[in-house]
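Q: Questions regarding the structure given below will be posed in turn.
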Amino acid sequence: MSAYVLGFHDIDKSAIGLVGGKGANLGELSGIDGVNVPYGFCVTTDAYREVVEGDAAIGAMIDGLAGLRADDREAIAAACTRLRAAIEALDVPAGIGRDILDHLRRAGGEDVPFAVRSSATAEDLPSSSFAGQQDTYLNVRGTAAVLDAVRRCWASLFTDRATAYRIQNGFDHRAVRLSVVVQRMVFPEAAGIMFTADPISGNRTVVSIDAGFGLGEAFVSGLVNADNYRVRAGRIIEKRVATKTMEMHASPTGGTEERPIEPARQNAQTLGDEQILLLERLGRQIEAHFGAPQDIEWALFEGTFHVLQSRPITTLYPVPPTHDGKNHVFVSYGHRQMMTDAFAPLGLSFFTLLHDKLGRTAGVVAGNRFYKDVSAELASLWARPAMIKSLQQVDALMANALRAVLTHKDFIGSLARGKTSMLDFGEGGLMPIARQYLKLAREDDPRVVPDLIAHTEATVERLRQNIAGKTGDELFEVIIDDHDVLSELTFDPRSVAAAFLGIQSVNWVNKHMDDWLGVKNAADAVGRSADHNVVAAMGLDLLEVSDIVRRHPDVVRYLKTARRETFYSGLAEVKGGETVRVALQNYLRLYGMHCTGDIDITRTRWTEDPTLLVPLLLGNIENFAPGEARRKAEGGRALAEQTINDLLARLRKLPGGSGKAKKAAKKMSLIRHFIGYREYSKHSLLLRYEIYKQALMREAALLVDRGVIKEPEDVYFLSIEEFRKVVNTGELDYTLITSRREAHEVYQKLTPPRVITSEGEVISGEYEPGNRPEGALSGSPVSSGVVEGRARLVLKMDEADVQEGDILVTVFTDPSWSPLFVSVKGLVMEVGGVMTHGAVVAREYGLPAVAGVEDATKRIKDGQLIRVNGDEGYVEILGDA
């Protein structure tokens, strides 16, 4: 058997390195009973390596591509033109030519028409989709023509588009090699594409079939429209028959040609109903073989379906697992917690451990993200409205998506039922919390929150002492036992009641000020500069650090080029560096456990990389005069006091105004004393996460020293129990790290749905049209006010480059973004609701904000002038800045 040419019968999925994704899939397909695959063979990557990379001049040209930028189109075009011409001029060695001729004869002779397609080693794989990046040649006849097409396929690895794609996505130009698939052509009456899961909704129970007359390339290339048939469990549920005016066929002289379709067939259904159902069964058979939904190319020739290709559908979000055969509905935990990124496995296991200790389920994992099964709540007539109302405060699109699910009557009728989690408040239940709530509301004692914070921080200090010096199994025992303390703090009735009291007081004030005075969102101003708001304090305290930095010009210059590895040593070498180090480390002692996506313990904390704060420090220095922290704090308190006095004065003028004013004054006082505590619970978790992580990374460094892992961050791809076992045994199959790292990279690229069903269907919510201006982007109003300014798109906080007066546009924010809020005057988020962190901080700083604006970072361009209406919940694009 030749190393350069392999028949499909010699190939299976293990041969990806030799024949690429397309070739490996065709080999697998050829081995499935009952699946007709036209005869073919692959010119392997060994042949590519021998002929193309083996040429010294061409090898040097390939290496030269590494210095190009993805956006330098002219340079890429010039380099690729030279490279393709050189490859197309190569001689194919005689031995490879003989092997190709031998396989052509097995297919029926040199005059038989063939399709010649490229098959890159990174193509048609679950982790990436290179499909269509290289060339395809149809109706190729004769050895010379096939060899010429093979050379052109090799050259097509270096089209401008394919080269730019590799540069953009970080693929080494030599790491991606090309095989060439040569397959006997069939000349179909009809052809098309079949998806064994709905490519739009993701529903795994629906097969979607596109079909047209002649060769499928006609509608793949956009030449004509295709029919679409949707089939579910042997039943056609929808048919859309297109008007088809052209079809593509093989030309007698080679290649293809377009032909008009006679009027009688233009509106005819391409496939009969029985053929549609037969194709669905074929698709399910292929899907079962590969174990994942497939994108299948097919052709109907002389009444028989032939399969030309099958590849995984790479865009589908994984379905959360179920095991009872019932219908389930899942909501994204990440959208509720403002962390839609994928967790690393260690982060997943820590989050699960916390919820296990709380006696709750962390949810099911799909795409390395947590999803909560809300089937029982949706099936319960009393729990359903309460849950949807609660979600409305967190993410209106999620709540609206659940309302949309309820319209799917057949699906809801078979919904899984069970115990709801709506009243899960720990062992004591709701009554101890209710008693504490009433007590706190009655007494309105401003000492309560400081006492709760002091108690929590005392437990943190005990953890710090307990964990000091611990290593090996003892370390893991301390961490796991400390989660019992976390559980007690989480369910402490006084703590839960204090957080509820602040939230409910805000709701009361907003409702009654609107009802009595027509003032909307009154609590926004009442709560400005409220007591004990740790996330608001983060931003103000960083302003004070910035004031210290600005007094030392050498430090400012140093920070512009500071690197993580040498941050403190470099700082020590510049004038004023010691003063800044002390100020910054004092700040980090208070807030350094924060970072973007901080509920995943593997994410890099500010203490680990102080350079994450550098853009914010430099931005504060550029945008504000010294003393801005004091001005903002005092201004917030003054606004709150003035608002309270004005509202109470207006209330007293109403009928029964004295009683109304008395009730409102009490609620406003409760806001001042308790609303800030809402943000503390997550901060207290992160205090512990920082201590855990520092200890665990010391353990990881020891594993590196022992040669068990290659770098400390490898432990991110182990669960906590796996980590513990590796520490105890010193043994690890490193392929586990590699495979999980690769899977994590795939998951990070997926967009997690807010709501997904057990059928894989992604349910999207929509906003009511309302009275919004035409063309406005809809969202949820989460912080009142209207503001215009320059949109500044920020996807990573450490890359933020904002100026005073900019409007921050991002996917989501969490408490770690708070220091950035002092520099902007408005906020637009794709994720969130009125009670999520970004909204709370926006209200604290008085920033008009709209959350839940779908695809805001794609629909709004950086630098555009926009108007944010935080009263009604929409964003208008006014034009270029």
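Labeling convention for the structure tokens: chains A, B, ... as they appear, residues from 1 per chain, ligands from 1 in order of appearance.
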Could you pull out the helix (DSSP H, G or I) residues of range 141-231 of chain A, going by DSSP on the backbone, and write them as an MDAnalysis selection string?

A: chainID A and resid 143:156 160:169 217:220

Q: Compile the contact shell of Ser179 in chain A as a VMD selection string: residues with an atom at most 9 Å away, counting only C-alpha atoms, same-chain residues fewer than 3 positions apart removed.

A: chain A and resid 18 to 20 22 to 23 42 to 48 117 to 121 150 153 to 154

Q: Residues as selected, all heavy atoms, written as a compact mmCIF listing (two decimals), in the first residue's frame, can you do that?

A:
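The result, stored in again.txt:
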```txt
# COMPACT_ATOMS: atom_id res chain seq x y z
N LEU A 18 -3.06 11.91 7.79
CA LEU A 18 -2.63 11.54 6.44
C LEU A 18 -3.55 12.09 5.35
O LEU A 18 -3.08 12.46 4.27
CB LEU A 18 -2.59 10.01 6.31
CG LEU A 18 -1.30 9.29 6.70
CD1 LEU A 18 -1.49 7.79 6.55
CD2 LEU A 18 -0.13 9.78 5.84
N VAL A 19 -4.87 12.12 5.63
CA VAL A 19 -5.81 12.45 4.56
C VAL A 19 -6.72 13.63 4.90
O VAL A 19 -7.62 13.96 4.13
CB VAL A 19 -6.67 11.21 4.19
CG1 VAL A 19 -5.79 10.09 3.68
CG2 VAL A 19 -7.51 10.74 5.37
N GLY A 20 -6.50 14.27 6.04
CA GLY A 20 -7.33 15.42 6.41
C GLY A 20 -8.72 15.01 6.85
O GLY A 20 -9.12 13.84 6.80
N LYS A 22 -11.74 15.76 5.57
CA LYS A 22 -12.66 15.32 4.51
C LYS A 22 -12.35 13.89 4.09
O LYS A 22 -13.25 13.04 3.95
CB LYS A 22 -12.56 16.28 3.33
CG LYS A 22 -13.58 16.02 2.24
CD LYS A 22 -13.41 17.01 1.10
CE LYS A 22 -14.14 18.31 1.34
NZ LYS A 22 -13.35 19.39 1.92
N GLY A 23 -11.08 13.58 3.89
CA GLY A 23 -10.70 12.25 3.47
C GLY A 23 -11.01 11.21 4.53
O GLY A 23 -11.51 10.12 4.22
N CYS A 42 -7.36 9.16 -1.81
CA CYS A 42 -6.76 10.39 -1.30
C CYS A 42 -5.27 10.41 -1.63
O CYS A 42 -4.56 9.42 -1.41
CB CYS A 42 -6.92 10.49 0.22
SG CYS A 42 -8.61 10.66 0.78
N VAL A 43 -4.82 11.53 -2.15
CA VAL A 43 -3.39 11.80 -2.27
C VAL A 43 -2.98 12.39 -0.92
O VAL A 43 -3.46 13.45 -0.52
CB VAL A 43 -3.11 12.79 -3.41
CG1 VAL A 43 -1.60 13.02 -3.55
CG2 VAL A 43 -3.70 12.28 -4.72
N THR A 44 -2.17 11.70 -0.16
CA THR A 44 -1.97 11.97 1.26
C THR A 44 -1.11 13.21 1.53
O THR A 44 -0.47 13.76 0.63
CB THR A 44 -1.31 10.76 1.95
OG1 THR A 44 0.04 10.63 1.47
CG2 THR A 44 -2.08 9.47 1.68
N THR A 45 -1.10 13.58 2.79
CA THR A 45 -0.27 14.71 3.23
C THR A 45 1.22 14.37 3.11
O THR A 45 2.05 15.28 3.00
CB THR A 45 -0.58 15.10 4.68
OG1 THR A 45 -0.43 13.95 5.53
CG2 THR A 45 -1.99 15.62 4.81
N ASP A 46 1.56 13.05 3.11
CA ASP A 46 2.95 12.67 2.87
C ASP A 46 3.38 13.11 1.48
O ASP A 46 4.52 13.56 1.27
CB ASP A 46 3.13 11.16 3.00
CG ASP A 46 3.17 10.71 4.45
OD1 ASP A 46 3.26 11.58 5.34
OD2 ASP A 46 3.10 9.48 4.69
N ALA A 47 2.46 12.99 0.51
CA ALA A 47 2.76 13.45 -0.85
C ALA A 47 2.94 14.96 -0.86
O ALA A 47 3.86 15.50 -1.50
CB ALA A 47 1.65 13.02 -1.81
N TYR A 48 2.06 15.67 -0.16
CA TYR A 48 2.19 17.13 -0.07
C TYR A 48 3.54 17.51 0.54
O TYR A 48 4.25 18.40 0.04
CB TYR A 48 1.04 17.69 0.78
CG TYR A 48 1.21 19.15 1.15
CD1 TYR A 48 0.80 20.15 0.30
CD2 TYR A 48 1.79 19.50 2.38
CE1 TYR A 48 0.97 21.50 0.63
CE2 TYR A 48 1.96 20.83 2.72
CZ TYR A 48 1.55 21.82 1.86
OH TYR A 48 1.71 23.14 2.20
N ARG A 117 -11.01 17.43 -4.73
CA ARG A 117 -11.23 18.39 -3.63
C ARG A 117 -10.05 18.35 -2.66
O ARG A 117 -9.45 17.31 -2.43
CB ARG A 117 -12.51 18.04 -2.85
CG ARG A 117 -13.80 18.18 -3.63
CD ARG A 117 -14.99 17.88 -2.72
NE ARG A 117 -16.27 18.21 -3.35
CZ ARG A 117 -17.00 17.36 -4.05
NH1 ARG A 117 -16.58 16.11 -4.20
NH2 ARG A 117 -18.14 17.74 -4.59
N SER A 118 -9.79 19.51 -2.07
CA SER A 118 -8.74 19.57 -1.05
C SER A 118 -9.29 19.07 0.28
O SER A 118 -10.49 19.14 0.54
CB SER A 118 -8.25 21.01 -0.90
OG SER A 118 -9.31 21.84 -0.51
N SER A 119 -8.39 18.56 1.11
CA SER A 119 -8.77 18.09 2.44
C SER A 119 -7.64 18.46 3.40
O SER A 119 -6.66 17.73 3.54
CB SER A 119 -8.99 16.57 2.43
OG SER A 119 -9.31 16.09 3.72
N ALA A 120 -7.80 19.61 4.08
CA ALA A 120 -6.75 20.09 4.98
C ALA A 120 -6.81 19.33 6.30
O ALA A 120 -7.86 18.85 6.72
CB ALA A 120 -6.90 21.59 5.23
N THR A 121 -5.67 19.23 6.97
CA THR A 121 -5.62 18.48 8.23
C THR A 121 -6.37 19.19 9.34
O THR A 121 -6.63 18.60 10.38
CB THR A 121 -4.17 18.25 8.67
OG1 THR A 121 -3.48 19.50 8.69
CG2 THR A 121 -3.48 17.28 7.73
N VAL A 150 -4.68 18.28 -8.72
CA VAL A 150 -4.01 18.01 -7.44
C VAL A 150 -3.06 19.15 -7.09
O VAL A 150 -3.03 19.65 -5.96
CB VAL A 150 -3.26 16.66 -7.49
CG1 VAL A 150 -2.32 16.51 -6.29
CG2 VAL A 150 -4.25 15.50 -7.53
N CYS A 153 -4.99 22.11 -6.02
CA CYS A 153 -5.50 21.94 -4.65
C CYS A 153 -4.39 22.23 -3.64
O CYS A 153 -4.61 22.90 -2.63
CB CYS A 153 -6.05 20.54 -4.45
SG CYS A 153 -7.71 20.29 -5.12
N TRP A 154 -3.19 21.68 -3.89
CA TRP A 154 -2.08 21.99 -3.00
C TRP A 154 -1.88 23.51 -2.92
O TRP A 154 -1.71 24.07 -1.84
CB TRP A 154 -0.80 21.35 -3.52
CG TRP A 154 -0.71 19.87 -3.31
CD1 TRP A 154 -1.39 19.13 -2.40
CD2 TRP A 154 0.13 18.96 -4.03
NE1 TRP A 154 -1.04 17.80 -2.50
CE2 TRP A 154 -0.10 17.66 -3.50
CE3 TRP A 154 1.04 19.09 -5.08
CZ2 TRP A 154 0.56 16.53 -3.98
CZ3 TRP A 154 1.71 17.96 -5.55
CH2 TRP A 154 1.47 16.69 -5.01
```

Q: Compile the contact shell of range 574-583 of chain A as an MDAnalysis selection string: residues with an atom at most 10 Å away, counting only C-alpha atoms, same-chain residues fewer than 5 positions apart removed.

A: chainID A and resid 542 544:558 567:569 588

Q: Write out as an MDAnalysis selection string the residues lying within 7 Å of range 204-214 of chain A, counting only C-alpha atoms and excluding same-chain residues fewer than 6 positions away.

A: chainID A and resid 188:198 226:232 247:249 270 280 759:760

Q: Residues within 12 Å of Leu65 in chain A, please, as a list of chain:residue names. Count only C-alpha atoms; anything in the same chain fewer than 6 positions from it doesn't count.

A: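 The residues satisfying every condition are A:Ile58, A:Gly59, A:Asp72, A:Ala75, A:Ile76, A:Ala77, A:Ala78, A:Ala79, A:Cys80, A:Thr81, A:Arg82, A:Leu83, A:Phe158, A:Thr159, A:Asp160, A:Ala162, A:Thr163, A:Ala164, A:Arg166, A:Ile167, A:Phe171, A:Asp172, A:His173, A:Arg174.
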
Q: Next, dump the selected residues to file, keeping only N, CA, C and O atoms, as a short mmCIF file (atom, residue, chain, number, x, y, z; two decimals), in the first residue's frame.

A:
```
data_model
loop_
_atom_site.label_atom_id
_atom_site.label_comp_id
_atom_site.auth_asym_id
_atom_site.auth_seq_id
_atom_site.Cartn_x
_atom_site.Cartn_y
_atom_site.Cartn_z
N ILE A 58 10.12 26.77 -2.11
CA ILE A 58 8.73 26.90 -1.66
C ILE A 58 8.67 26.89 -0.14
O ILE A 58 7.91 27.65 0.47
N GLY A 59 9.47 26.04 0.51
CA GLY A 59 9.50 26.01 1.97
C GLY A 59 9.86 27.37 2.54
O GLY A 59 9.26 27.82 3.54
N ASP A 72 -3.21 42.88 6.62
CA ASP A 72 -2.37 43.43 5.54
C ASP A 72 -2.70 42.67 4.26
O ASP A 72 -1.97 41.78 3.81
N ALA A 75 -0.06 42.66 1.18
CA ALA A 75 1.12 41.82 1.37
C ALA A 75 0.76 40.34 1.28
O ALA A 75 1.51 39.54 0.70
N ILE A 76 -0.39 39.97 1.86
CA ILE A 76 -0.83 38.57 1.79
C ILE A 76 -1.09 38.18 0.33
O ILE A 76 -0.67 37.11 -0.13
N ALA A 77 -1.76 39.05 -0.41
CA ALA A 77 -2.09 38.74 -1.81
C ALA A 77 -0.82 38.55 -2.64
O ALA A 77 -0.72 37.61 -3.44
N ALA A 78 0.15 39.43 -2.45
CA ALA A 78 1.38 39.33 -3.24
C ALA A 78 2.14 38.05 -2.91
O ALA A 78 2.60 37.33 -3.82
N ALA A 79 2.28 37.76 -1.63
CA ALA A 79 3.03 36.57 -1.22
C ALA A 79 2.33 35.29 -1.68
O ALA A 79 2.97 34.34 -2.15
N CYS A 80 1.00 35.26 -1.56
CA CYS A 80 0.25 34.06 -1.94
C CYS A 80 0.24 33.84 -3.45
O CYS A 80 0.26 32.69 -3.91
N THR A 81 0.19 34.89 -4.21
CA THR A 81 0.22 34.76 -5.67
C THR A 81 1.51 34.09 -6.12
O THR A 81 1.52 33.17 -6.95
N ARG A 82 2.64 34.55 -5.56
CA ARG A 82 3.94 33.95 -5.91
C ARG A 82 4.00 32.48 -5.47
O ARG A 82 4.49 31.62 -6.21
N LEU A 83 3.49 32.21 -4.29
CA LEU A 83 3.57 30.86 -3.74
C LEU A 83 2.71 29.88 -4.53
O LEU A 83 3.13 28.76 -4.86
N PHE A 158 -2.92 28.08 -0.04
CA PHE A 158 -2.35 29.41 0.12
C PHE A 158 -3.14 30.46 -0.66
O PHE A 158 -2.57 31.42 -1.19
N THR A 159 -4.46 30.29 -0.72
CA THR A 159 -5.29 31.40 -1.20
C THR A 159 -5.21 32.53 -0.19
O THR A 159 -4.87 32.32 0.99
N ASP A 160 -5.53 33.73 -0.62
CA ASP A 160 -5.47 34.88 0.29
C ASP A 160 -6.38 34.63 1.50
O ASP A 160 -5.99 34.90 2.64
N ALA A 162 -7.60 31.72 2.78
CA ALA A 162 -7.15 30.65 3.66
C ALA A 162 -5.94 31.08 4.49
O ALA A 162 -5.84 30.77 5.68
N THR A 163 -5.04 31.80 3.88
CA THR A 163 -3.84 32.26 4.59
C THR A 163 -4.22 33.25 5.69
O THR A 163 -3.75 33.16 6.83
N ALA A 164 -5.09 34.21 5.35
CA ALA A 164 -5.53 35.19 6.36
C ALA A 164 -6.28 34.51 7.50
O ALA A 164 -6.13 34.89 8.67
N ARG A 166 -5.77 31.46 8.65
CA ARG A 166 -4.81 30.82 9.54
C ARG A 166 -4.09 31.84 10.41
O ARG A 166 -3.88 31.62 11.60
N ILE A 167 -3.71 32.97 9.82
CA ILE A 167 -3.05 34.01 10.60
C ILE A 167 -3.97 34.51 11.70
O ILE A 167 -3.59 34.64 12.87
N PHE A 171 -3.09 29.50 13.42
CA PHE A 171 -2.63 28.21 12.90
C PHE A 171 -1.27 28.38 12.20
O PHE A 171 -1.11 29.28 11.38
N ASP A 172 -0.35 27.52 12.55
CA ASP A 172 0.95 27.50 11.88
C ASP A 172 0.75 27.07 10.42
O ASP A 172 0.06 26.09 10.15
N HIS A 173 1.37 27.78 9.50
CA HIS A 173 1.19 27.46 8.07
C HIS A 173 1.75 26.08 7.73
O HIS A 173 1.28 25.44 6.78
N ARG A 174 2.74 25.62 8.46
CA ARG A 174 3.28 24.28 8.22
C ARG A 174 2.51 23.22 9.00
O ARG A 174 2.61 22.02 8.68
#
```

Q: Have a look at A:Asn869, A:Gln285, A:Thr810, A:Ser816 and name the one nearest to Thr857 in chain A; count only C-alpha atoms.

A: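 The closest residue to Thr857 in chain A is A:Thr810.
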
Q: Contacts of Gly325 in chain A at 10 Å or less, counting only C-alpha atoms, minus same-chain residues fewer than 5 places along, as a PyMOL selection string?

A: chain A and resi 414-416+758

Q: Need to verify the contact set: His455 in chain A, 12 Å, only C-alpha atoms, exclusion of same-chain residues closer than 5 positions in sequence. Can you return it as a list in words?

A: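 Near His455 in chain A, the qualifying residues are Val448, Val449, Pro450, Val460, Glu461, Arg462, Val485, Glu488, Leu489, Asp492, Arg494, Ser495 and Ser684 of chain A.
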
Q: Could you give me the residues within range 153-288 of chain A that DSSP places in strand (DSSP E or B), as a VMD selection string?

A: chain A and resid 178 to 184 190 to 195 206 to 214 227 to 232 235 to 240 246 to 250 256 to 260

Q: Tell me, in Å to one decimal, how far CA of Ile675 in chain A is from CA of Val840 in chain A.

A: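 Straight-line distance from CA of Ile675 in chain A to CA of Val840 in chain A works out to 9.6 Å.
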
Q: Using only C-alpha atoms, find the one residue out of A:Glu731, A:Arg650, A:Gly234, A:Val307 that sits nearest to Leu278 in chain A.

A: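 Residue with the minimum atom-to-atom distance to Leu278 in chain A: A:Gly234.
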
Q: Which one is closest to Ala498 in chain A: A:Met246, A:Ala441, A:Ile644, A:Ala468? Count only C-alpha atoms.

A: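 Distance minimum relative to Ala498 in chain A lands on A:Ala441.
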
Q: Nearest to Gly527 in chain A: which of A:Val478, A:Ala264, A:Val224, A:Ala842 is it, counting only C-alpha atoms?

A: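 Nearest to Gly527 in chain A: A:Ala842.
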
Q: Nearest residue to Met398 in chain A out of A:Ser818, A:Ser332, A:Asn368, A:Thr729, using only C-alpha atoms?

A: A:Ser332
